[in-house]
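This is my_file-v2.txt. It holds compact mmCIF, C-alpha atoms and all ligand atoms.
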```
# COMPACT_ATOMS: atom_id res chain seq x y z
CA MET A 1 57.90 110.09 58.36
CA LYS A 2 56.85 112.56 61.07
CA PHE A 3 58.95 113.18 64.18
CA LEU A 4 58.44 115.15 67.37
CA LYS A 5 61.55 117.31 67.84
CA ILE A 6 62.33 117.78 71.50
CA GLN A 7 65.22 119.04 73.62
CA LYS A 8 67.53 116.27 74.87
CA LYS A 9 67.03 117.11 78.52
CA ASN A 10 63.26 116.47 78.23
CA ALA A 11 63.51 113.44 75.96
CA GLU A 12 63.54 110.59 78.48
CA LYS A 13 60.35 111.77 80.22
CA LYS A 14 58.58 112.49 76.91
CA ILE A 15 59.50 109.12 75.39
CA LYS A 16 58.10 107.38 78.48
CA GLU A 17 54.87 109.38 78.24
CA LEU A 18 54.44 108.73 74.49
CA LYS A 19 55.21 105.03 74.94
CA GLU A 20 52.48 104.73 77.54
CA LYS A 21 50.02 106.40 75.14
CA LYS A 22 51.22 104.05 72.33
CA ILE A 23 52.00 107.03 70.10
CA ILE A 24 55.60 106.17 69.09
CA ASP A 25 56.08 104.31 65.80
CA LYS A 26 58.32 101.48 66.98
CA GLN A 27 59.24 100.45 63.45
CA TYR A 28 61.50 103.51 63.31
CA LYS A 29 64.51 104.57 65.39
CA VAL A 30 64.52 107.46 67.86
CA GLU A 31 67.26 109.71 66.45
CA SER A 32 69.73 111.86 68.35
CA LEU A 33 70.91 115.29 67.13
CA GLU A 34 73.35 117.61 68.89
CA LYS A 35 70.84 119.21 71.27
CA HIS A 36 67.60 117.51 70.26
CA VAL A 37 66.00 114.10 69.95
CA LEU A 38 63.62 113.08 67.17
CA ILE A 39 60.81 110.75 68.23
CA PRO A 40 58.99 108.88 65.40
CA ILE A 41 55.22 109.33 65.67
CA LYS A 42 52.52 107.03 64.29
CA LYS A 43 50.71 108.64 61.31
CA ASN A 44 47.26 108.43 62.89
CA LYS A 45 48.42 109.91 66.21
CA ILE A 46 50.00 113.16 64.99
CA LYS A 47 47.03 115.26 66.18
CA GLU A 48 47.52 113.99 69.73
CA VAL A 49 51.10 115.33 69.95
CA LYS A 50 51.91 118.87 71.04
CA GLY A 51 55.24 120.44 70.05
CA GLU A 52 57.45 120.88 66.98
CA ILE A 53 56.74 118.26 64.32
CA ILE A 54 59.25 117.78 61.50
CA GLU A 55 59.12 115.56 58.42
CA LYS A 56 62.08 113.50 57.18
CA LYS A 57 63.02 110.00 56.08
CA GLY A 58 63.10 107.61 59.06
CA LYS A 59 65.63 104.87 59.87
CA LYS A 60 64.00 101.46 60.23
CA VAL A 61 64.62 99.47 63.43
CA LYS A 62 66.28 96.12 62.72
CA LYS A 63 64.03 93.39 64.04
CA ILE A 64 65.90 90.96 66.29
CA PRO A 65 64.49 87.45 65.87
CA ARG A 66 63.23 85.70 69.00
CA LEU A 67 65.55 83.02 70.38
CA LYS A 68 62.87 80.35 70.81
CA GLU A 69 61.62 80.80 67.25
CA GLU A 70 65.17 80.67 65.85
CA LEU A 71 66.00 77.53 67.87
CA LEU A 72 62.82 75.83 66.67
CA LYS A 73 64.18 76.16 63.12
CA VAL A 74 67.06 73.79 64.04
CA LEU A 75 65.70 71.73 66.95
CA THR A 76 62.66 69.48 67.20
CA LYS A 77 60.11 70.09 69.97
CA LYS A 78 61.49 67.02 71.75
CA GLU A 79 65.02 68.40 71.56
CA MET A 80 63.83 71.77 72.87
CA LYS A 81 62.53 70.04 75.99
CA ILE A 82 66.02 68.87 77.02
CA PHE A 83 67.73 72.17 76.18
CA HIS A 84 67.50 74.83 78.90
CA TYR A 85 68.14 77.63 76.46
CA LYS A 86 67.04 80.40 78.82
CA SER A 87 69.79 79.76 81.37
CA PHE A 88 72.72 81.25 79.50
CA ASP A 89 75.36 83.62 80.88
CA VAL A 90 76.47 86.84 79.24
CA ILE A 91 80.12 87.70 79.94
CA GLY A 92 81.14 90.74 77.92
CA ASP A 93 80.28 89.86 74.32
CA ILE A 94 80.51 86.12 74.99
CA ILE A 95 77.41 84.00 75.57
CA GLN A 96 78.06 80.88 77.63
CA ILE A 97 75.61 78.00 77.25
CA MET A 98 75.25 74.40 78.33
CA ILE A 99 74.57 72.00 75.43
CA PRO A 100 73.17 68.57 76.35
CA LYS A 101 75.31 65.78 74.84
CA GLU A 102 72.32 64.59 72.77
CA LEU A 103 72.49 67.90 70.84
CA LYS A 104 76.25 67.89 70.19
CA LYS A 105 75.77 67.45 66.43
CA LYS A 106 73.60 70.57 66.29
CA GLU A 107 75.77 72.78 68.51
CA LYS A 108 77.05 75.00 65.68
CA MET A 109 73.50 75.72 64.49
CA ILE A 110 72.40 76.40 68.08
CA GLY A 111 75.33 78.79 68.47
CA GLU A 112 74.36 80.62 65.26
CA ALA A 113 70.80 81.06 66.57
CA PHE A 114 72.13 82.67 69.77
CA LEU A 115 74.41 84.97 67.72
CA LYS A 116 71.41 86.12 65.69
CA CYS A 117 69.15 86.74 68.67
CA ILE A 118 71.28 88.06 71.54
CA PRO A 119 72.15 91.72 70.92
CA ASN A 120 75.89 92.56 70.99
CA SER A 121 76.98 88.91 71.16
CA ARG A 122 80.10 88.04 69.15
CA VAL A 123 81.14 84.65 70.53
CA ILE A 124 79.10 81.63 71.65
CA VAL A 125 80.82 79.09 73.91
CA LYS A 126 79.63 75.87 75.45
CA LYS A 127 80.65 74.69 78.89
CA VAL A 128 82.92 71.66 78.63
CA SER A 129 83.78 71.21 82.30
CA GLU A 130 82.59 72.04 85.77
CA THR A 131 84.35 74.84 87.69
CA THR A 132 87.33 72.79 88.84
CA GLY A 133 90.80 72.77 90.36
CA VAL A 134 92.55 75.11 92.74
CA GLU A 135 92.03 78.00 90.32
CA ARG A 136 88.27 77.32 89.96
CA VAL A 137 88.30 77.64 86.18
CA ARG A 138 85.53 76.26 83.95
CA ARG A 139 86.69 75.22 80.49
CA VAL A 140 84.64 76.40 77.52
CA LYS A 141 84.73 75.76 73.76
CA VAL A 142 83.78 78.21 71.03
CA ILE A 143 80.88 76.86 68.94
CA ALA A 144 79.98 79.97 66.91
CA GLY A 145 81.20 83.46 66.17
CA GLU A 146 84.72 84.79 66.63
CA LYS A 147 87.35 82.27 67.76
CA ARG A 148 88.31 83.72 71.14
CA THR A 149 87.52 83.33 74.82
CA GLU A 150 88.83 86.72 75.94
CA THR A 151 86.40 89.60 76.43
CA ILE A 152 85.73 92.76 78.43
CA HIS A 153 82.84 92.53 80.88
CA VAL A 154 81.23 95.56 82.53
CA GLU A 155 79.87 95.21 86.07
CA ASN A 156 79.03 97.71 88.82
CA GLY A 157 80.51 100.53 86.74
CA CYS A 158 83.92 98.84 86.18
CA LYS A 159 85.52 97.01 83.25
CA TYR A 160 87.07 93.54 83.51
CA LYS A 161 89.22 92.01 80.81
CA LEU A 162 89.37 88.25 81.24
CA ASP A 163 89.80 84.94 79.44
CA LEU A 164 87.11 82.42 80.36
CA ASN A 165 89.52 79.52 79.81
CA LYS A 166 92.15 80.95 82.15
CA VAL A 167 90.35 82.53 85.10
CA PHE A 168 87.24 82.20 87.24
CA PHE A 169 84.46 84.62 86.40
CA THR A 170 80.70 84.73 86.81
CA GLY A 171 78.34 87.65 86.41
CA ARG A 172 75.85 85.90 88.68
CA LEU A 173 77.56 87.35 91.76
CA SER A 174 77.18 90.99 90.73
CA ASN A 175 74.44 91.77 93.29
CA GLU A 176 76.34 90.05 96.07
CA ARG A 177 79.48 91.98 95.18
CA LEU A 178 77.44 95.18 95.25
CA ARG A 179 76.18 94.30 98.74
CA ILE A 180 79.78 94.18 99.98
CA ILE A 181 80.93 97.22 97.95
CA LYS A 182 78.14 99.31 99.55
CA GLN A 183 79.32 98.48 103.08
CA VAL A 184 82.91 99.69 102.54
CA LYS A 185 83.82 103.07 104.04
CA LYS A 186 86.40 105.65 103.04
CA ASN A 187 89.13 104.83 105.57
CA GLU A 188 88.99 101.05 105.27
CA ILE A 189 91.79 98.70 104.22
CA ILE A 190 90.35 95.66 102.44
CA TYR A 191 92.05 92.29 102.01
CA ASP A 192 90.67 90.38 99.01
CA LEU A 193 92.90 87.32 99.11
CA PHE A 194 91.03 85.28 96.44
CA CYS A 195 90.52 88.22 94.11
CA GLY A 196 90.34 86.69 90.61
CA VAL A 197 90.36 89.45 87.98
CA GLY A 198 89.21 92.03 90.55
CA PRO A 199 85.39 92.31 90.61
CA TYR A 200 85.41 93.02 94.37
CA ALA A 201 88.87 94.66 94.63
CA ILE A 202 88.48 97.23 91.84
CA PRO A 203 85.10 98.85 92.68
CA ILE A 204 86.01 98.71 96.38
CA ALA A 205 89.36 100.46 95.72
CA LYS A 206 87.38 103.36 94.23
CA LYS A 207 85.77 103.89 97.65
CA CYS A 208 88.37 103.05 100.26
CA LYS A 209 91.92 103.81 101.42
CA LYS A 210 93.60 100.68 100.08
CA VAL A 211 92.96 97.13 98.82
CA VAL A 212 95.35 94.20 99.25
CA ALA A 213 94.49 91.83 96.39
CA ASN A 214 95.88 88.33 95.95
CA ASP A 215 95.23 85.25 93.84
CA ILE A 216 97.18 82.03 93.33
CA ASN A 217 96.29 81.99 89.61
CA GLU A 218 98.94 83.89 87.62
CA HIS A 219 96.49 84.52 84.76
CA ALA A 220 94.02 86.12 87.18
CA ILE A 221 96.81 88.40 88.40
CA HIS A 222 97.79 89.24 84.81
CA TYR A 223 94.20 90.34 84.08
CA LEU A 224 93.86 92.07 87.46
CA LYS A 225 96.86 94.25 86.54
CA GLU A 226 95.32 95.01 83.12
CA ASN A 227 92.04 95.86 84.84
CA LEU A 228 93.75 98.25 87.26
CA LYS A 229 94.91 100.18 84.19
CA LEU A 230 91.52 99.94 82.45
CA ASN A 231 89.80 101.36 85.52
CA LYS A 232 92.58 103.79 86.48
CA ILE A 233 93.06 102.29 89.96
CA LYS A 234 96.28 102.91 91.89
CA ASN A 235 95.53 102.08 95.54
CA ILE A 236 95.86 98.27 95.27
CA SER A 237 98.80 96.12 96.42
CA VAL A 238 98.90 93.00 94.25
CA TYR A 239 100.17 89.55 95.31
CA ASN A 240 100.30 86.20 93.51
CA GLU A 241 100.60 83.84 96.49
CA ASN A 242 98.94 80.98 98.31
CA ALA A 243 96.69 82.86 100.76
CA ASN A 244 97.33 80.23 103.42
CA GLU A 245 100.96 81.29 103.60
CA PHE A 246 100.32 84.91 104.55
CA THR A 247 101.41 85.80 108.07
CA LYS A 248 101.17 88.86 110.30
CA GLU A 249 104.11 90.25 108.30
CA LEU A 250 101.53 91.14 105.63
CA VAL A 251 99.47 93.11 108.16
CA LYS A 252 102.64 94.91 109.38
CA LYS A 253 103.40 95.90 105.80
CA GLU A 254 99.90 96.71 104.50
CA GLY A 255 97.98 97.77 107.62
CA LYS A 256 95.19 96.37 109.75
CA PRO A 257 92.44 94.76 107.66
CA SER A 258 89.04 96.41 108.10
CA ARG A 259 87.57 93.54 106.07
CA ILE A 260 88.80 90.26 104.64
CA ILE A 261 86.89 88.92 101.63
CA MET A 262 87.12 85.14 101.37
CA ASN A 263 85.40 84.35 98.09
CA LEU A 264 86.48 80.73 97.67
CA PRO A 265 83.33 78.92 98.80
CA LYS A 266 84.38 75.43 97.70
CA THR A 267 87.32 75.19 100.13
CA SER A 268 87.06 78.29 102.34
CA GLU A 269 87.23 76.24 105.56
CA LEU A 270 90.84 75.34 104.68
CA PHE A 271 91.75 79.03 104.83
CA LEU A 272 89.68 80.26 107.75
CA ASN A 273 92.42 79.62 110.32
CA ALA A 274 94.98 81.70 108.36
CA MET A 275 92.47 84.51 107.80
CA ILE A 276 91.52 84.61 111.50
CA LYS A 277 95.24 84.99 112.27
CA LEU A 278 95.48 88.00 109.94
CA SER A 279 92.38 89.62 111.45
CA GLU A 280 92.31 92.06 114.36
CA LYS A 281 89.65 93.49 116.69
CA ASN A 282 86.72 94.86 114.57
CA THR A 283 87.87 93.19 111.33
CA ILE A 284 84.87 91.86 109.37
CA ILE A 285 85.37 88.61 107.48
CA HIS A 286 83.06 87.96 104.52
CA TYR A 287 83.27 84.18 104.52
CA TYR A 288 81.76 82.43 101.47
CA THR A 289 80.76 78.80 101.66
CA PHE A 290 78.47 76.21 100.10
CA TRP A 291 76.08 74.32 102.32
CA GLY A 292 73.01 72.15 102.16
CA LYS A 293 72.16 69.68 104.91
CA ASP A 294 75.63 70.21 106.41
CA LYS A 295 74.84 73.82 107.44
CA LYS A 296 75.10 72.98 111.19
CA ASN A 297 78.53 71.34 110.76
CA LYS A 298 79.83 74.30 108.73
CA LEU A 299 78.68 76.80 111.38
CA GLU A 300 80.24 74.62 114.07
CA GLY A 301 83.49 74.61 112.02
CA ILE A 302 83.53 78.42 112.15
CA ARG A 303 82.95 78.44 115.92
CA ILE A 304 85.77 75.93 116.53
CA ALA A 305 88.22 77.85 114.30
CA PHE A 306 87.70 81.04 116.35
CA LYS A 307 87.92 79.20 119.64
CA LYS A 308 91.24 77.58 118.62
CA ASN A 309 92.62 81.03 117.84
CA ASN A 310 91.34 82.49 121.12
CA LYS A 311 89.33 85.12 119.30
CA LYS A 312 85.72 86.08 120.02
CA HIS A 313 83.46 86.59 117.04
CA LYS A 314 79.92 87.60 116.23
CA ILE A 315 77.99 86.49 113.14
CA LEU A 316 76.50 89.70 111.76
CA GLY A 317 74.41 87.98 109.12
CA ILE A 318 74.12 85.09 106.69
CA HIS A 319 73.23 85.90 103.07
CA LYS A 320 72.21 83.42 100.40
CA CYS A 321 73.81 84.52 97.16
CA GLY A 322 72.99 81.77 94.70
CA ASP A 323 72.53 78.06 94.15
CA TYR A 324 75.41 75.68 93.65
CA ALA A 325 73.74 72.29 93.19
CA PRO A 326 70.30 70.85 93.95
CA GLY A 327 69.79 71.44 97.68
CA VAL A 328 73.12 73.26 98.05
CA GLY A 329 73.34 77.05 98.19
CA ARG A 330 76.13 79.61 98.12
CA TYR A 331 76.19 81.70 101.32
CA CYS A 332 78.17 84.58 102.68
CA VAL A 333 78.62 84.57 106.45
CA ASP A 334 79.56 88.06 107.69
CA ILE A 335 81.65 87.68 110.83
CA LYS A 336 82.97 90.44 113.10
CA ILE A 337 85.99 89.94 115.35
CA ILE A 338 85.01 91.13 118.83
CA SER A 339 88.31 90.56 120.64
C1 LIG B 401 85.60 81.53 93.31
S1 LIG B 401 87.01 82.35 92.64
C2 LIG B 401 86.60 84.03 93.08
C3 LIG B 401 87.35 85.07 92.30
C4 LIG B 401 86.84 86.50 92.49
N1 LIG B 401 86.75 86.86 93.87
C5 LIG B 401 85.52 86.70 91.80
O1 LIG B 401 84.52 87.01 92.44
O2 LIG B 401 85.50 86.58 90.55
C6 LIG B 401 88.25 81.92 93.79
C7 LIG B 401 89.64 82.39 93.45
O3 LIG B 401 90.54 81.92 94.48
C8 LIG B 401 91.78 81.60 93.89
N2 LIG B 401 92.49 80.67 94.80
C9 LIG B 401 92.29 79.36 94.99
N3 LIG B 401 93.13 78.87 95.92
C10 LIG B 401 93.88 79.92 96.35
C11 LIG B 401 94.92 80.06 97.30
N4 LIG B 401 95.37 79.02 98.00
N5 LIG B 401 95.47 81.26 97.50
C12 LIG B 401 95.02 82.34 96.78
N6 LIG B 401 94.06 82.27 95.83
C13 LIG B 401 93.48 81.07 95.63
C14 LIG B 401 91.42 81.00 92.55
O4 LIG B 401 92.50 81.08 91.64
C15 LIG B 401 90.20 81.85 92.14
O5 LIG B 401 90.58 82.92 91.31
```
Kindly present the structure from the file in structure tokens form.
Amino acid sequence: MKFLKIQKKNAEKKIKELKEKKIIDKQYKVESLEKHVLIPIKKNKIKEVKGEIIEKKGKKVKKIPRLKEELLKVLTKKEMKIFHYKSFDVIGDIIQIMIPKELKKKEKMIGEAFLKCIPNSRVIVKKVSETTGVERVRRVKVIAGEKRTETIHVENGCKYKLDLNKVFFTGRLSNERLRIIKQVKKNEIIYDLFCGVGPYAIPIAKKCKKVVANDINEHAIHYLKENLKLNKIKNISVYNENANEFTKELVKKEGKPSRIIMNLPKTSELFLNAMIKLSEKNTIIHYYTFWGKDKKNKLEGIRIAFKKNNKKHKILGIHKCGDYAPGVGRYCVDIKIIS
């Protein structure tokens, strides 16, 4: 097998160029040496490549089977029509899927197909409940792979250890979280009072003065503390309380909130009053909510809550950050306290 030997610092650009010219032999792996990279070249293209060519035995690339083809080995075409196999979630090395009840008998085989086809997957779980209860946890059941529901997920440059059966977590909010993370400035104090395992609190703490993180779910707080260690974060005060019971005492102790993140869209209106009380002039509240046809009522609810508390507010923006149900979206309303 013939390889182009090239310095590491030039490798990325060269690989891109050779890929475009269809010169790389994709059946073989690109190999990494201490200071060089070896790029496998197709036999009939050697003359087109300038640079140092070396000859050695190549390492074959393992071909990953395609998910649809693998599923068609265990499901009929009719069964494939009712199985939305493309809408799976990847959380760490766990793949979370929804299996229609008609396919229950085949769930193990379906799970095995996912294991074969999704790189780095070790566990396949099926959803067995909606996201429910105060703690907003969705139950899952392992159908293939290792028997565990704990994993480490990487998002926005941070690591999160979590157990899907004990805490809320979705990777689908990563862009929305990034939108908030980007807004935070160095001197800010952030209150994340529905923090889960920390996917807002931890990356934000890397940028700002301090984060006050709270969740009512003791498992979420257990994992948050683990994640503080994993990500070497020290500037977070952790609480395991009902957010509605916080008073101005918290602000006296922790400092004026520059922002309050209210990521509990299902019932956020029940907490708005308490959060407005904690806020001060110039605090920004990131208020998550679900709405469909009731959008007007929800906005009116926000207006009334501020009026009751004698505080003036300005809506800085409304951002759609996902779908919740047919005709119902997840929104973040960014609100600034004026006075
Ligand atoms: C939708 S999850 C969001 C978690 C996290 N912010 C995230 O993005 O992964 C809402 C969180 O609010 C917590 N929660 C629900 N009611 C609460 C309350 N009264 N006080 C504090 N936390 C609460 C739940 O346990 C859950 O972890």
- Message: Which polymer residues, whether protein, DNA or RNA, lie within 7 Å of the coordinate (78.8, 86.8, 115.8) when you count all atoms listed in the file? List them as an NGL selection string, using the chain letters and numbers from the file.
- Response: :A and (313-316 or 335-336)
- Excluding same-chain residues fewer than 6 positions from segment 10-24 of chain A, what lies within 10 Å of it counting all atoms listed in the file, as a ChimeraX atom specification? /A:3-4,30,32,36-46,48-49
- Which chains and residue numbers are within 6 Å of ligand LIG 401 (chain B), counting all atoms listed in the file, if I want them as a ChimeraX atom specification? /A:134-136,168-169,193-196,199,215-217,241-244,263-264
- Item | Counting all atoms listed in the file, the residue of A:Lys5, A:Leu173, A:Ile304, A:Val123 that sits nearest Ile54 of chain A |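 Among the listed residues, A:Lys5 lies closest to Ile54 of chain A.
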- Would you please work out which residue, of A:Arg172, A:Lys311, A:Lys62, A:Lys166, is nearest to Ile221 of chain A when using only C-alpha atoms? A:Lys166
- Message: Would you compute the distance between atom CA of Arg148 of chain A and atom CA of Glu176 of chain A? Give it in Å to one decimal.
- Response: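 Straight-line distance from atom CA of Arg148 of chain A to atom CA of Glu176 of chain A works out to 28.4 Å.
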- Task: Have a look at A:Ala205, A:Val142, A:Val90, A:Ile190 and name the one nearest to Glu155 of chain A; count all atoms listed in the file.
- Result: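 Distance minimum relative to Glu155 of chain A lands on A:Val90.
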- Shortest interatomic distance to Tyr160 of chain A - which of A:Gly301, A:Gly92, A:Gly58, A:Gly329, counting all atoms listed in the file: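 Counting all atoms listed in the file, the residue closest to Tyr160 of chain A is A:Gly92.
One finds atom CA of Glu52 of chain A at 7.3 Å from atom CA of Ile6 of chain A.
With distances restricted to all atoms listed in the file, A:Glu102 is the closest residue to Leu75 of chain A from A:Asp323, A:Asp93, A:Glu102, A:Asp334.
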Report the centre and edge lengths, in Å to one decimal, of an axis-aligned box enclosing every atom of segment 13-24 of chain A listed in the file, padded by 6 Å on each side, as lines of an AutoDock Vina configuration file.
```
center_x = 55.2
center_y = 108.3
center_z = 74.7
size_x = 22.3
size_y = 20.4
size_z = 23.1
```
- Task: Can you work out the spacing between atom CA of Val137 of chain A and atom CA of Met98 of chain A in Å, to one decimal?
- Result: 15.6 Å
